[in-house]
>>> print(open('upload.cif').read())   # mmCIF, C-alpha atoms and all ligand atoms
data_query
loop_
_atom_site.label_atom_id
_atom_site.label_comp_id
_atom_site.auth_asym_id
_atom_site.auth_seq_id
_atom_site.Cartn_x
_atom_site.Cartn_y
_atom_site.Cartn_z
CA MET A 5 -22.87 0.05 -25.73
CA THR A 6 -26.45 -0.32 -26.97
CA ARG A 7 -28.70 2.70 -26.68
CA VAL A 8 -32.27 3.54 -25.76
CA PHE A 9 -34.10 6.79 -26.50
CA VAL A 10 -36.84 8.11 -24.18
CA PHE A 11 -39.35 10.77 -25.25
CA LEU A 12 -40.24 12.90 -22.23
CA GLU A 13 -43.43 14.81 -21.48
CA ALA A 14 -43.90 17.41 -18.75
CA HIS A 15 -46.71 19.24 -16.99
CA ASP A 16 -46.30 22.38 -14.84
CA SER A 17 -42.49 22.24 -15.11
CA GLN A 18 -42.32 18.66 -13.85
CA LEU A 19 -41.64 15.52 -15.84
CA LYS A 20 -44.76 13.37 -15.94
CA LYS A 21 -44.78 10.20 -13.88
CA GLY A 22 -44.99 8.05 -17.03
CA SER A 23 -41.77 9.64 -18.32
CA LEU A 24 -40.01 8.99 -15.00
CA GLU A 25 -41.11 5.35 -15.15
CA LEU A 26 -39.57 5.00 -18.61
CA LEU A 27 -36.31 6.68 -17.61
CA ASN A 28 -36.01 4.22 -14.74
CA ALA A 29 -36.64 1.21 -16.99
CA ALA A 30 -34.14 2.57 -19.52
CA LYS A 31 -31.49 3.17 -16.83
CA ASN A 32 -31.95 -0.32 -15.39
CA SER A 33 -31.56 -1.95 -18.80
CA GLY A 34 -27.82 -1.25 -18.85
CA ARG A 35 -28.14 0.69 -22.12
CA GLU A 36 -26.96 4.26 -22.61
CA VAL A 37 -30.00 6.49 -22.12
CA THR A 38 -30.72 9.48 -24.37
CA ALA A 39 -33.81 11.49 -23.46
CA ALA A 40 -35.63 14.06 -25.60
CA LEU A 41 -37.41 17.24 -24.54
CA LEU A 42 -39.48 19.19 -27.08
CA GLY A 43 -41.49 22.32 -26.36
CA ILE A 44 -40.97 25.79 -24.99
CA GLY A 45 -39.17 26.39 -21.68
CA VAL A 46 -38.25 22.71 -21.49
CA LYS A 47 -34.52 23.27 -21.05
CA THR A 48 -35.02 23.62 -17.31
CA LEU A 49 -36.08 19.95 -17.21
CA VAL A 50 -32.66 18.63 -18.25
CA ILE A 51 -31.58 18.30 -14.60
CA GLN A 52 -34.71 16.29 -13.70
CA ALA A 53 -34.09 13.99 -16.66
CA ALA A 54 -30.45 13.50 -15.65
CA GLN A 55 -31.32 12.77 -12.02
CA ALA A 56 -33.89 10.20 -13.16
CA GLY A 57 -31.43 8.31 -15.36
CA ALA A 58 -30.64 10.09 -18.66
CA ALA A 59 -26.97 10.23 -19.66
CA ARG A 60 -27.67 12.58 -22.59
CA VAL A 61 -30.59 14.93 -23.13
CA PHE A 62 -31.50 16.25 -26.58
CA VAL A 63 -33.44 19.50 -26.31
CA SER A 64 -35.49 21.38 -28.84
CA ASP A 65 -36.71 24.47 -27.00
CA SER A 66 -38.43 26.69 -29.49
CA PRO A 67 -41.60 28.80 -30.00
CA GLU A 68 -42.50 26.57 -33.00
CA LEU A 69 -42.95 23.70 -30.54
CA GLN A 70 -45.19 25.54 -28.08
CA ASN A 71 -48.38 24.13 -29.56
CA TYR A 72 -48.24 20.53 -30.76
CA ASN A 73 -47.81 20.31 -34.53
CA PRO A 74 -47.45 16.64 -35.58
CA GLN A 75 -45.31 17.39 -38.65
CA ILE A 76 -42.80 19.66 -36.87
CA TYR A 77 -42.62 17.36 -33.84
CA ALA A 78 -42.17 14.24 -35.98
CA ASP A 79 -39.46 15.74 -38.19
CA THR A 80 -37.57 17.12 -35.18
CA LEU A 81 -37.75 13.79 -33.37
CA VAL A 82 -36.62 11.74 -36.36
CA GLY A 83 -33.43 13.85 -36.48
CA MET A 84 -32.85 13.32 -32.76
CA ILE A 85 -33.46 9.56 -32.85
CA LYS A 86 -31.10 9.12 -35.82
CA GLU A 87 -28.39 11.09 -34.07
CA SER A 88 -28.85 9.11 -30.82
CA GLY A 89 -28.03 5.81 -32.50
CA ALA A 90 -30.74 4.11 -30.40
CA ASP A 91 -32.53 1.02 -31.67
CA VAL A 92 -35.27 1.23 -29.01
CA VAL A 93 -37.52 4.26 -28.49
CA LEU A 94 -39.80 4.51 -25.45
CA ALA A 95 -42.65 6.95 -24.84
CA SER A 96 -45.75 7.05 -22.66
CA SER A 97 -48.92 5.99 -24.44
CA SER A 98 -50.33 9.51 -24.05
CA VAL A 99 -52.80 11.18 -26.42
CA LEU A 100 -49.91 13.18 -27.92
CA ALA A 101 -47.60 10.18 -28.31
CA ARG A 102 -50.29 8.03 -29.91
CA ASP A 103 -50.74 10.73 -32.54
CA LEU A 104 -47.03 11.45 -32.99
CA PHE A 105 -45.24 8.11 -32.98
CA PRO A 106 -47.00 6.35 -35.85
CA ARG A 107 -45.64 9.18 -38.03
CA VAL A 108 -42.15 8.92 -36.56
CA ALA A 109 -42.09 5.11 -36.90
CA THR A 110 -43.27 5.34 -40.51
CA HIS A 111 -40.54 7.87 -41.31
CA MET A 112 -38.00 5.40 -39.93
CA ASP A 113 -39.54 2.36 -41.64
CA SER A 114 -39.96 0.72 -38.25
CA GLY A 115 -42.55 -1.09 -36.15
CA LEU A 116 -44.57 0.42 -33.30
CA ALA A 117 -46.35 -1.23 -30.35
CA SER A 118 -48.69 1.14 -28.53
CA ASP A 119 -50.62 0.88 -25.25
CA CYS A 120 -48.20 -1.71 -23.83
CA THR A 121 -48.58 -2.95 -20.27
CA GLU A 122 -45.28 -4.84 -19.85
CA LEU A 123 -41.76 -4.15 -21.03
CA GLN A 124 -38.69 -6.38 -21.13
CA LEU A 125 -35.71 -4.22 -21.98
CA THR A 126 -32.17 -5.56 -21.70
CA VAL A 127 -28.82 -4.55 -23.16
CA SER A 128 -29.35 -6.89 -26.09
CA GLY A 129 -33.10 -7.15 -26.63
CA VAL A 130 -36.59 -5.76 -26.18
CA SER A 131 -40.14 -7.05 -26.15
CA ALA A 132 -43.44 -5.73 -24.85
CA ARG A 133 -46.92 -7.00 -24.00
CA ARG A 134 -50.06 -5.29 -25.19
CA PRO A 135 -53.74 -6.10 -24.65
CA PHE A 136 -56.11 -6.97 -27.52
CA TYR A 137 -59.88 -7.32 -27.93
CA ALA A 138 -60.77 -4.88 -25.15
CA GLY A 139 -58.36 -6.57 -22.74
CA LYS A 140 -59.72 -10.13 -23.24
CA CYS A 141 -56.26 -11.32 -24.24
CA SER A 142 -52.77 -9.95 -24.67
CA ALA A 143 -49.83 -10.59 -26.96
CA GLU A 144 -46.07 -10.52 -26.55
CA VAL A 145 -44.69 -8.19 -29.25
CA GLU A 146 -41.24 -8.66 -30.74
CA PHE A 147 -39.70 -6.53 -33.47
CA VAL A 148 -38.54 -8.27 -36.64
CA HIS A 149 -36.73 -6.46 -39.47
CA SER A 150 -37.43 -3.18 -37.70
CA PRO A 151 -34.42 -0.83 -37.53
CA VAL A 152 -35.92 0.81 -34.44
CA ALA A 153 -38.40 -0.69 -31.95
CA PHE A 154 -40.98 1.95 -30.96
CA ILE A 155 -42.84 1.15 -27.72
CA LEU A 156 -45.55 3.27 -26.11
CA MET A 157 -46.15 2.21 -22.51
CA ARG A 158 -49.30 2.83 -20.51
CA PRO A 159 -48.43 5.07 -17.54
CA ASN A 160 -48.52 3.53 -14.02
CA GLN A 161 -47.22 0.13 -15.19
CA LEU A 162 -43.55 0.47 -14.20
CA PRO A 163 -41.85 1.66 -11.01
CA VAL A 164 -40.33 5.13 -10.69
CA GLY A 165 -36.68 4.97 -9.59
CA ALA A 166 -34.90 6.88 -6.86
CA VAL A 167 -33.64 10.34 -7.85
CA ASP A 168 -29.85 10.69 -7.90
CA GLY A 169 -29.35 14.36 -6.97
CA ALA A 170 -25.67 14.26 -7.89
CA LYS A 171 -26.22 13.14 -11.46
CA THR A 172 -25.79 15.42 -14.45
CA ALA A 173 -26.26 14.83 -18.17
CA GLU A 174 -24.68 16.05 -21.36
CA SER A 175 -27.26 18.19 -23.17
CA LYS A 176 -27.44 19.05 -26.84
CA ASP A 177 -29.66 21.64 -28.53
CA PHE A 178 -31.60 20.89 -31.72
CA ALA A 179 -33.39 23.42 -33.89
CA ALA A 180 -37.07 22.68 -34.49
CA ALA A 181 -37.71 21.21 -37.96
CA ALA A 182 -39.04 23.56 -40.62
CA ALA A 183 -42.82 23.76 -41.01
CA SER A 184 -44.09 22.23 -44.24
CA GLY A 185 -47.15 24.47 -44.11
CA LYS A 186 -49.46 21.46 -44.55
CA ILE A 187 -50.52 21.54 -40.91
CA LYS A 188 -51.01 24.66 -38.84
CA SER A 189 -51.59 24.46 -35.08
CA GLY A 190 -53.81 26.99 -33.34
CA ALA A 191 -53.57 28.00 -29.71
CA ALA A 192 -53.95 25.26 -27.12
CA ILE A 193 -57.01 25.68 -24.92
CA LYS A 194 -56.36 24.68 -21.32
CA GLY A 195 -58.95 22.39 -19.72
CA THR A 196 -60.91 23.65 -16.75
CA SER A 197 -59.80 20.93 -14.30
CA ASP A 198 -56.70 21.33 -12.16
CA ARG A 199 -56.69 17.62 -11.37
CA THR A 200 -54.15 15.15 -12.80
CA ASP A 201 -55.07 13.81 -16.23
CA LEU A 202 -57.01 10.53 -16.07
CA THR A 203 -54.31 8.58 -17.88
CA GLU A 204 -51.71 9.61 -15.28
CA ALA A 205 -53.90 9.60 -12.17
CA ASN A 206 -53.01 7.40 -9.23
CA ILE A 207 -56.59 7.41 -7.88
CA ILE A 208 -59.78 7.74 -9.94
CA VAL A 209 -63.38 8.11 -8.80
CA SER A 210 -65.72 7.36 -11.71
CA GLY A 211 -69.46 7.74 -12.05
CA GLY A 212 -71.97 5.98 -14.29
CA ARG A 213 -75.62 6.28 -15.21
CA GLY A 214 -76.46 5.41 -11.61
CA MET A 215 -75.49 8.99 -10.73
CA GLN A 216 -78.89 9.92 -12.24
CA ASN A 217 -78.12 13.40 -13.64
CA ALA A 218 -75.45 16.08 -14.12
CA GLU A 219 -76.28 17.78 -10.83
CA SER A 220 -76.03 14.70 -8.64
CA PHE A 221 -72.87 13.58 -10.50
CA LYS A 222 -71.20 16.46 -8.62
CA ILE A 223 -71.27 14.50 -5.33
CA LEU A 224 -68.20 12.66 -6.65
CA GLU A 225 -66.13 15.88 -6.50
CA PRO A 226 -65.81 16.02 -2.67
CA LEU A 227 -64.93 12.31 -2.60
CA ALA A 228 -62.26 12.88 -5.26
CA SER A 229 -60.91 15.90 -3.35
CA ALA A 230 -60.69 13.89 -0.13
CA LEU A 231 -58.65 11.24 -1.92
CA GLY A 232 -56.61 13.54 -4.19
CA ALA A 233 -58.27 11.70 -7.09
CA THR A 234 -59.33 12.54 -10.65
CA VAL A 235 -62.98 12.13 -11.68
CA GLY A 236 -63.87 9.87 -14.59
CA ALA A 237 -67.11 8.65 -16.13
CA SER A 238 -68.72 5.91 -18.18
CA ARG A 239 -69.72 6.56 -21.77
CA ALA A 240 -73.41 6.61 -20.80
CA VAL A 241 -72.68 9.69 -18.69
CA ALA A 242 -70.56 11.42 -21.34
CA ASP A 243 -73.13 10.67 -24.07
CA ALA A 244 -75.85 12.13 -21.85
CA GLY A 245 -73.83 15.35 -21.70
CA TRP A 246 -73.47 15.29 -17.88
CA VAL A 247 -69.67 15.52 -18.26
CA PRO A 248 -67.31 16.19 -21.19
CA HIS A 249 -66.13 13.23 -23.29
CA SER A 250 -62.58 13.90 -22.10
CA MET A 251 -63.67 12.26 -18.83
CA GLN A 252 -64.82 9.02 -20.47
CA VAL A 253 -63.01 5.84 -19.48
CA GLY A 254 -63.21 2.78 -21.71
CA GLN A 255 -62.69 1.27 -25.10
CA THR A 256 -63.64 4.45 -26.91
CA GLY A 257 -62.48 6.71 -24.09
CA LYS A 258 -59.31 6.83 -22.04
CA THR A 259 -57.34 3.83 -20.87
CA VAL A 260 -56.38 4.22 -17.23
CA ALA A 261 -54.31 2.20 -14.79
CA PRO A 262 -54.48 3.86 -11.36
CA SER A 263 -53.61 2.24 -8.03
CA LEU A 264 -57.25 2.71 -6.99
CA TYR A 265 -60.37 2.94 -9.20
CA ILE A 266 -63.74 3.54 -7.52
CA ALA A 267 -66.66 2.85 -9.85
CA CYS A 268 -69.90 4.43 -8.60
CA GLY A 269 -73.15 3.42 -10.31
CA ILE A 270 -71.28 1.82 -13.23
CA SER A 271 -72.59 -1.58 -14.35
CA GLY A 272 -69.23 -2.83 -15.68
CA ALA A 273 -69.92 -3.30 -19.40
CA ILE A 274 -67.04 -4.90 -21.30
CA GLN A 275 -66.32 -1.63 -23.11
CA HIS A 276 -65.90 0.17 -19.78
CA LEU A 277 -63.76 -2.62 -18.31
CA ALA A 278 -61.50 -2.40 -21.38
CA GLY A 279 -60.34 1.00 -20.20
CA MET A 280 -59.87 0.37 -16.47
CA SER A 281 -59.28 -3.32 -15.79
CA GLY A 282 -55.53 -2.61 -15.48
CA SER A 283 -56.25 -0.72 -12.22
CA LYS A 284 -54.48 -2.28 -9.24
CA VAL A 285 -57.43 -2.09 -6.81
CA ILE A 286 -61.01 -1.74 -8.07
CA VAL A 287 -63.89 -0.81 -5.79
CA GLY A 288 -67.41 -1.21 -7.19
CA ILE A 289 -70.36 0.60 -5.62
CA ASN A 290 -73.64 -0.61 -7.04
CA LYS A 291 -77.13 -1.33 -5.71
CA ASP A 292 -77.40 -4.42 -7.93
CA ALA A 293 -75.48 -7.32 -6.35
CA ASP A 294 -75.35 -9.04 -9.76
CA ALA A 295 -73.77 -6.08 -11.61
CA PRO A 296 -70.83 -7.30 -13.75
CA ILE A 297 -68.50 -4.74 -12.13
CA PHE A 298 -68.37 -7.04 -9.08
CA GLN A 299 -66.70 -9.76 -11.14
CA LYS A 300 -63.72 -7.43 -11.68
CA ALA A 301 -63.83 -5.58 -8.36
CA THR A 302 -61.28 -6.20 -5.64
CA TYR A 303 -63.87 -4.87 -3.16
CA GLY A 304 -67.59 -4.59 -3.84
CA ILE A 305 -70.07 -2.48 -1.89
CA VAL A 306 -73.71 -3.32 -2.57
CA GLY A 307 -75.90 -0.34 -1.74
CA ASP A 308 -77.24 3.04 -2.74
CA LEU A 309 -74.39 5.30 -3.87
CA PHE A 310 -76.25 8.40 -2.68
CA THR A 311 -75.88 7.07 0.89
CA LEU A 312 -72.46 5.49 0.45
CA VAL A 313 -70.53 8.22 -1.40
CA PRO A 314 -71.14 10.96 1.25
CA LEU A 315 -70.31 8.43 4.01
CA LEU A 316 -67.05 7.43 2.35
CA THR A 317 -66.20 11.10 1.72
CA GLU A 318 -66.53 11.91 5.43
CA GLU A 319 -64.51 8.85 6.49
CA PHE A 320 -61.68 9.57 4.00
CA LYS A 321 -61.62 13.25 5.06
CA LYS A 322 -61.19 12.17 8.69
CA ALA A 323 -58.62 9.48 7.91
CA LEU A 324 -56.57 11.61 5.51
CA HIS A 325 -57.06 14.95 7.36
CA ARG A 326 -58.33 16.79 4.26
C1 LIG B 401 -68.58 0.29 -29.65
C2 LIG B 401 -68.88 0.66 -28.23
C3 LIG B 401 -67.95 1.36 -27.50
C4 LIG B 401 -68.19 1.71 -26.17
N1 LIG B 401 -67.24 2.37 -25.46
C5 LIG B 401 -67.46 2.64 -24.15
C6 LIG B 401 -66.48 3.27 -23.35
O1 LIG B 401 -65.40 3.65 -23.83
N2 LIG B 401 -66.75 3.47 -22.04
C7 LIG B 401 -67.91 3.09 -21.45
O2 LIG B 401 -68.09 3.32 -20.25
N3 LIG B 401 -68.87 2.50 -22.20
C8 LIG B 401 -68.69 2.29 -23.52
N4 LIG B 401 -69.68 1.73 -24.25
C9 LIG B 401 -71.02 1.61 -23.64
C10 LIG B 401 -71.19 0.38 -22.75
O3 LIG B 401 -71.58 -0.73 -23.52
C11 LIG B 401 -72.24 0.65 -21.66
O4 LIG B 401 -73.45 1.00 -22.30
C12 LIG B 401 -71.88 1.74 -20.67
O5 LIG B 401 -70.60 1.51 -20.15
C13 LIG B 401 -72.88 1.73 -19.54
O6 LIG B 401 -72.60 2.80 -18.69
P1 LIG B 401 -73.05 2.72 -17.17
O7 LIG B 401 -72.39 1.55 -16.51
O8 LIG B 401 -72.79 4.07 -16.59
O9 LIG B 401 -74.62 2.57 -17.25
P2 LIG B 401 -75.55 1.33 -16.96
O10 LIG B 401 -75.10 0.12 -17.69
O11 LIG B 401 -76.94 1.79 -17.19
O12 LIG B 401 -75.32 1.02 -15.41
C14 LIG B 401 -75.76 1.86 -14.38
C15 LIG B 401 -75.50 1.10 -13.07
O13 LIG B 401 -75.80 1.95 -11.99
C16 LIG B 401 -76.38 1.16 -10.97
N5 LIG B 401 -77.17 2.07 -10.11
C17 LIG B 401 -78.28 2.77 -10.46
N6 LIG B 401 -78.67 3.55 -9.43
C18 LIG B 401 -77.79 3.32 -8.39
C19 LIG B 401 -77.69 3.81 -7.07
N7 LIG B 401 -78.53 4.72 -6.57
N8 LIG B 401 -76.67 3.34 -6.31
C20 LIG B 401 -75.79 2.42 -6.77
N9 LIG B 401 -75.86 1.91 -8.03
C21 LIG B 401 -76.84 2.38 -8.84
C22 LIG B 401 -77.25 0.14 -11.70
O14 LIG B 401 -77.47 -1.00 -10.90
C23 LIG B 401 -76.36 -0.15 -12.92
O15 LIG B 401 -75.51 -1.27 -12.68
C24 LIG B 401 -69.44 1.37 -25.58
C25 LIG B 401 -70.39 0.67 -26.33
C26 LIG B 401 -70.12 0.33 -27.64
C27 LIG B 401 -71.14 -0.46 -28.41
#
>>> encode(input="upload.cif", output="structure tokens")
Amino acid sequence: MTRVFVFLEAHDSQLKKGSLELLNAAKNSGREVTAALLGIGVKTLVIQAAQAGAARVFVSDSPELQNYNPQIYADTLVGMIKESGADVVLASSSVLARDLFPRVATHMDSGLASDCTELQLTVSGVSARRPFYAGKCSAEVEFVHSPVAFILMRPNQLPVGAVDGAKTAESKDFAAAAASGKIKSGAAIKGTSDRTDLTEANIIVSGGRGMQNAESFKILEPLASALGATVGASRAVADAGWVPHSMQVGQTGKTVAPSLYIACGISGAIQHLAGMSGSKVIVGINKDADAPIFQKATYGIVGDLFTLVPLLTEEFKKALHR
């Protein structure tokens, strides 16, 4: 049987949605699924991985893996992938994976397609689609003369499968690779927001220069709370210092693909669209009826955001009982 290897990521003792999407795609391909968990305290996630579709779970649960060190992670993963016998490796196109997998693919003399939006995985083949030129076009990627096909998928592109509570998986422990000493990781500093990371969020409320200043940007928080959303921003806002750059969506910020993206006071420059045009439903709120955001928006509301955002917040609170 052909094999597929899935790199899993977790947050607060739960597998991330992007990882669950990949396990489901792997399970449905008809291949044997090996999943990998690296970190500290990750052994408890083996059951979740099994119930989501993994037949085997390779675990490296070690203090050396507590803080991300690209060299230790890459060397540990290469050992796991070789042992799995898989010729396809899937991971979410997260910040960590985009740093890690070019190293792993290079070690294995193989090709890598990152930030993919479509995946065709069968027992006998694999291909993926990825956007180019800020989303103006996309290309079908096939792997030629590549011992392993490495594919990093954008989260929220594939369905999550049903959990099979009766399923178990064979698990195997791996020691963390030795540190070369060339890279040393310090302590990880936790962000201040408790909200879901932008790249994983199902709903995003974003603000642009139309929010006027850092203080009035805060009116997006109650709207986001009412919707259970994460707050994002345009680069103009991040550059102005109203919010941290970690909240920036776009070509030089984060790429997001939520079910719902509400753009408040964002004009819709091509560099912003590059990061959010994969959203399923886009709502633009702008006082300029000719703003380019309306060409991409599923629904457009022309008006003053300082009137509209509080109104929408109240209506969503009532409708969703928050
Ligand atoms: C190489 C490069 C990379 C870039 N990368 C990114 C990126 O990753 N992300 C990104 O966002 N940008 C990026 N940019 C910048 C991009 O070109 C735009 O300058 C930026 O997106 C504009 O941000 P904005 O829409 O918030 O501001 P503006 O373009 O100034 O738009 C503000 C909008 O708010 C509306 N408005 C004002 N007041 C109100 C009100 N009261 N109610 C309702 N609407 C109101 C206005 O009508 C206007 O449409 C990049 C640029 C370059 C050159």
>>> closest_residue(input="upload.cif", among="A:Arg326, A:Tyr72, A:Ala78, A:Ile51", to="Ile193 of chain A", atoms="all atoms listed in the file")
A:Tyr72
>>> residues_near_ligand(input="upload.cif", ligand="ligand LIG 401 (chain B)", cutoff="7 Å", atoms="all atoms listed in the file", output="PyMOL selection string")
chain A and resi 211-216+237-241+252-257+268-276+279+289-292+295+307-310
>>> closest_residue(input="upload.cif", among="A:Ala40, A:Val260, A:Leu324, A:Ala301", to="Gly232 of chain A", atoms="only C-alpha atoms")
A:Leu324
>>> residues_around(input="upload.cif", residues="segment 146-162 of chain A", least_positions_apart="6", cutoff="8 Å", atoms="all atoms listed in the file", output="number ranges by chain")
A: 21-22, 25-26, 29, 90-98, 101-102, 105, 109, 112-123, 130-132, 203-204, 206, 260-263
>>> atom_distance(input="upload.cif", atom1="atom CA of Leu125 of chain A", atom2="atom CA of Phe11 of chain A")
15.8 Å
>>> atom_distance(input="upload.cif", atom1="atom CA of Ala242 of chain A", atom2="atom CA of Lys222 of chain A")
13.7 Å
>>> residues_around(input="upload.cif", residues="Ala170 of chain A", least_positions_apart="6", cutoff="12 Å", atoms="only C-alpha atoms", output="PyMOL selection string")
chain A and resi 51-52+54-57
>>> residues_around(input="upload.cif", residues="segment 178-188 of chain A", least_positions_apart="3", cutoff="7 Å", atoms="all atoms listed in the file", output="PyMOL selection string")
chain A and resi 62-64+66+68+73+76+79-80
>>> closest_residue(input="upload.cif", among="A:Thr6, A:Asn217, A:Ser229, A:Thr126", to="Trp246 of chain A", atoms="all atoms listed in the file")
A:Asn217
>>> residues_near_point(input="upload.cif", point="(-67.4, 13.2, -8.4)", cutoff="10 Å", atoms="only C-alpha atoms", output="PyMOL selection string")
chain A and resi 208-211+215+220-229+233-237+268+313
>>> closest_residue(input="upload.cif", among="A:Ala30, A:Ala14, A:Ala323, A:Val50", to="Lys171 of chain A", atoms="only C-alpha atoms")
A:Val50
>>> residues_around(input="upload.cif", residues="Ser175 of chain A", least_positions_apart="2", cutoff="7 Å", atoms="all atoms listed in the file", output="VMD selection string")
chain A and resid 60 to 62 173 177
>>> atom_distance(input="upload.cif", atom1="atom CA of Thr259 of chain A", atom2="atom CA of Val10 of chain A")
21.2 Å
>>> residues_around(input="upload.cif", residues="Val285 of chain A", least_positions_apart="3", cutoff="7 Å", atoms="all atoms listed in the file", output="PyMOL selection string")
chain A and resi 263-265+302
>>> write_last_selection(input="upload.cif", atoms="C-alpha atoms", output="PDB file, in the frame of the given file")
ATOM      1  CA  SER A 263     -53.610   2.240  -8.030  1.00  0.00           C
ATOM      2  CA  LEU A 264     -57.250   2.710  -6.990  1.00  0.00           C
ATOM      3  CA  TYR A 265     -60.370   2.940  -9.200  1.00  0.00           C
ATOM      4  CA  THR A 302     -61.280  -6.200  -5.640  1.00  0.00           C
TER       5      THR A 302
END
>>> closest_residue(input="upload.cif", among="A:Leu24, A:Ala53, A:Ala166, A:Met251", to="Leu202 of chain A", atoms="all atoms listed in the file")
A:Met251
>>> build_atoms(input="upload.cif", residues="segment 27-42 of chain A", atoms="N, CA, C and O atoms", output="PDB file, in the frame of the given file")
ATOM      1  N   LEU A  27     -37.734   6.397 -17.850  1.00  0.00           N
ATOM      2  CA  LEU A  27     -36.310   6.680 -17.610  1.00  0.00           C
ATOM      3  C   LEU A  27     -35.713   5.630 -16.675  1.00  0.00           C
ATOM      4  O   LEU A  27     -34.582   5.175 -16.855  1.00  0.00           O
ATOM      5  N   ASN A  28     -36.493   5.230 -15.675  1.00  0.00           N
ATOM      6  CA  ASN A  28     -36.010   4.220 -14.740  1.00  0.00           C
ATOM      7  C   ASN A  28     -35.800   2.876 -15.431  1.00  0.00           C
ATOM      8  O   ASN A  28     -34.773   2.222 -15.256  1.00  0.00           O
ATOM      9  N   ALA A  29     -36.774   2.481 -16.260  1.00  0.00           N
ATOM     10  CA  ALA A  29     -36.640   1.210 -16.990  1.00  0.00           C
ATOM     11  C   ALA A  29     -35.446   1.261 -17.932  1.00  0.00           C
ATOM     12  O   ALA A  29     -34.686   0.297 -18.060  1.00  0.00           O
ATOM     13  N   ALA A  30     -35.254   2.410 -18.577  1.00  0.00           N
ATOM     14  CA  ALA A  30     -34.140   2.570 -19.520  1.00  0.00           C
ATOM     15  C   ALA A  30     -32.807   2.479 -18.775  1.00  0.00           C
ATOM     16  O   ALA A  30     -31.879   1.776 -19.197  1.00  0.00           O
ATOM     17  N   LYS A  31     -32.731   3.166 -17.631  1.00  0.00           N
ATOM     18  CA  LYS A  31     -31.490   3.170 -16.830  1.00  0.00           C
ATOM     19  C   LYS A  31     -31.156   1.749 -16.365  1.00  0.00           C
ATOM     20  O   LYS A  31     -30.016   1.306 -16.457  1.00  0.00           O
ATOM     21  N   ASN A  32     -32.183   1.033 -15.919  1.00  0.00           N
ATOM     22  CA  ASN A  32     -31.950  -0.320 -15.390  1.00  0.00           C
ATOM     23  C   ASN A  32     -31.625  -1.353 -16.460  1.00  0.00           C
ATOM     24  O   ASN A  32     -31.230  -2.468 -16.149  1.00  0.00           O
ATOM     25  N   SER A  33     -31.821  -0.983 -17.725  1.00  0.00           N
ATOM     26  CA  SER A  33     -31.560  -1.950 -18.800  1.00  0.00           C
ATOM     27  C   SER A  33     -30.073  -2.122 -19.060  1.00  0.00           C
ATOM     28  O   SER A  33     -29.659  -3.063 -19.714  1.00  0.00           O
ATOM     29  N   GLY A  34     -29.262  -1.184 -18.579  1.00  0.00           N
ATOM     30  CA  GLY A  34     -27.820  -1.250 -18.850  1.00  0.00           C
ATOM     31  C   GLY A  34     -27.440  -0.580 -20.164  1.00  0.00           C
ATOM     32  O   GLY A  34     -26.273  -0.543 -20.542  1.00  0.00           O
ATOM     33  N   ARG A  35     -28.426  -0.027 -20.881  1.00  0.00           N
ATOM     34  CA  ARG A  35     -28.140   0.690 -22.120  1.00  0.00           C
ATOM     35  C   ARG A  35     -27.784   2.149 -21.811  1.00  0.00           C
ATOM     36  O   ARG A  35     -28.144   2.658 -20.750  1.00  0.00           O
ATOM     37  N   GLU A  36     -27.178   2.821 -22.765  1.00  0.00           N
ATOM     38  CA  GLU A  36     -26.960   4.260 -22.610  1.00  0.00           C
ATOM     39  C   GLU A  36     -28.281   4.968 -22.907  1.00  0.00           C
ATOM     40  O   GLU A  36     -28.925   4.671 -23.917  1.00  0.00           O
ATOM     41  N   VAL A  37     -28.665   5.873 -22.013  1.00  0.00           N
ATOM     42  CA  VAL A  37     -30.000   6.490 -22.120  1.00  0.00           C
ATOM     43  C   VAL A  37     -29.904   7.907 -22.686  1.00  0.00           C
ATOM     44  O   VAL A  37     -29.267   8.776 -22.101  1.00  0.00           O
ATOM     45  N   THR A  38     -30.563   8.130 -23.832  1.00  0.00           N
ATOM     46  CA  THR A  38     -30.720   9.480 -24.370  1.00  0.00           C
ATOM     47  C   THR A  38     -32.182   9.870 -24.210  1.00  0.00           C
ATOM     48  O   THR A  38     -33.070   9.099 -24.585  1.00  0.00           O
ATOM     49  N   ALA A  39     -32.424  11.037 -23.617  1.00  0.00           N
ATOM     50  CA  ALA A  39     -33.810  11.490 -23.460  1.00  0.00           C
ATOM     51  C   ALA A  39     -34.042  12.698 -24.360  1.00  0.00           C
ATOM     52  O   ALA A  39     -33.096  13.399 -24.725  1.00  0.00           O
ATOM     53  N   ALA A  40     -35.308  12.936 -24.726  1.00  0.00           N
ATOM     54  CA  ALA A  40     -35.630  14.060 -25.600  1.00  0.00           C
ATOM     55  C   ALA A  40     -36.686  14.946 -24.969  1.00  0.00           C
ATOM     56  O   ALA A  40     -37.680  14.459 -24.421  1.00  0.00           O
ATOM     57  N   LEU A  41     -36.445  16.262 -25.036  1.00  0.00           N
ATOM     58  CA  LEU A  41     -37.410  17.240 -24.540  1.00  0.00           C
ATOM     59  C   LEU A  41     -37.756  18.185 -25.689  1.00  0.00           C
ATOM     60  O   LEU A  41     -36.861  18.817 -26.262  1.00  0.00           O
ATOM     61  N   LEU A  42     -39.034  18.279 -26.024  1.00  0.00           N
ATOM     62  CA  LEU A  42     -39.480  19.190 -27.080  1.00  0.00           C
ATOM     63  C   LEU A  42     -40.529  20.116 -26.494  1.00  0.00           C
ATOM     64  O   LEU A  42     -41.400  19.661 -25.740  1.00  0.00           O
TER      65      LEU A  42
END
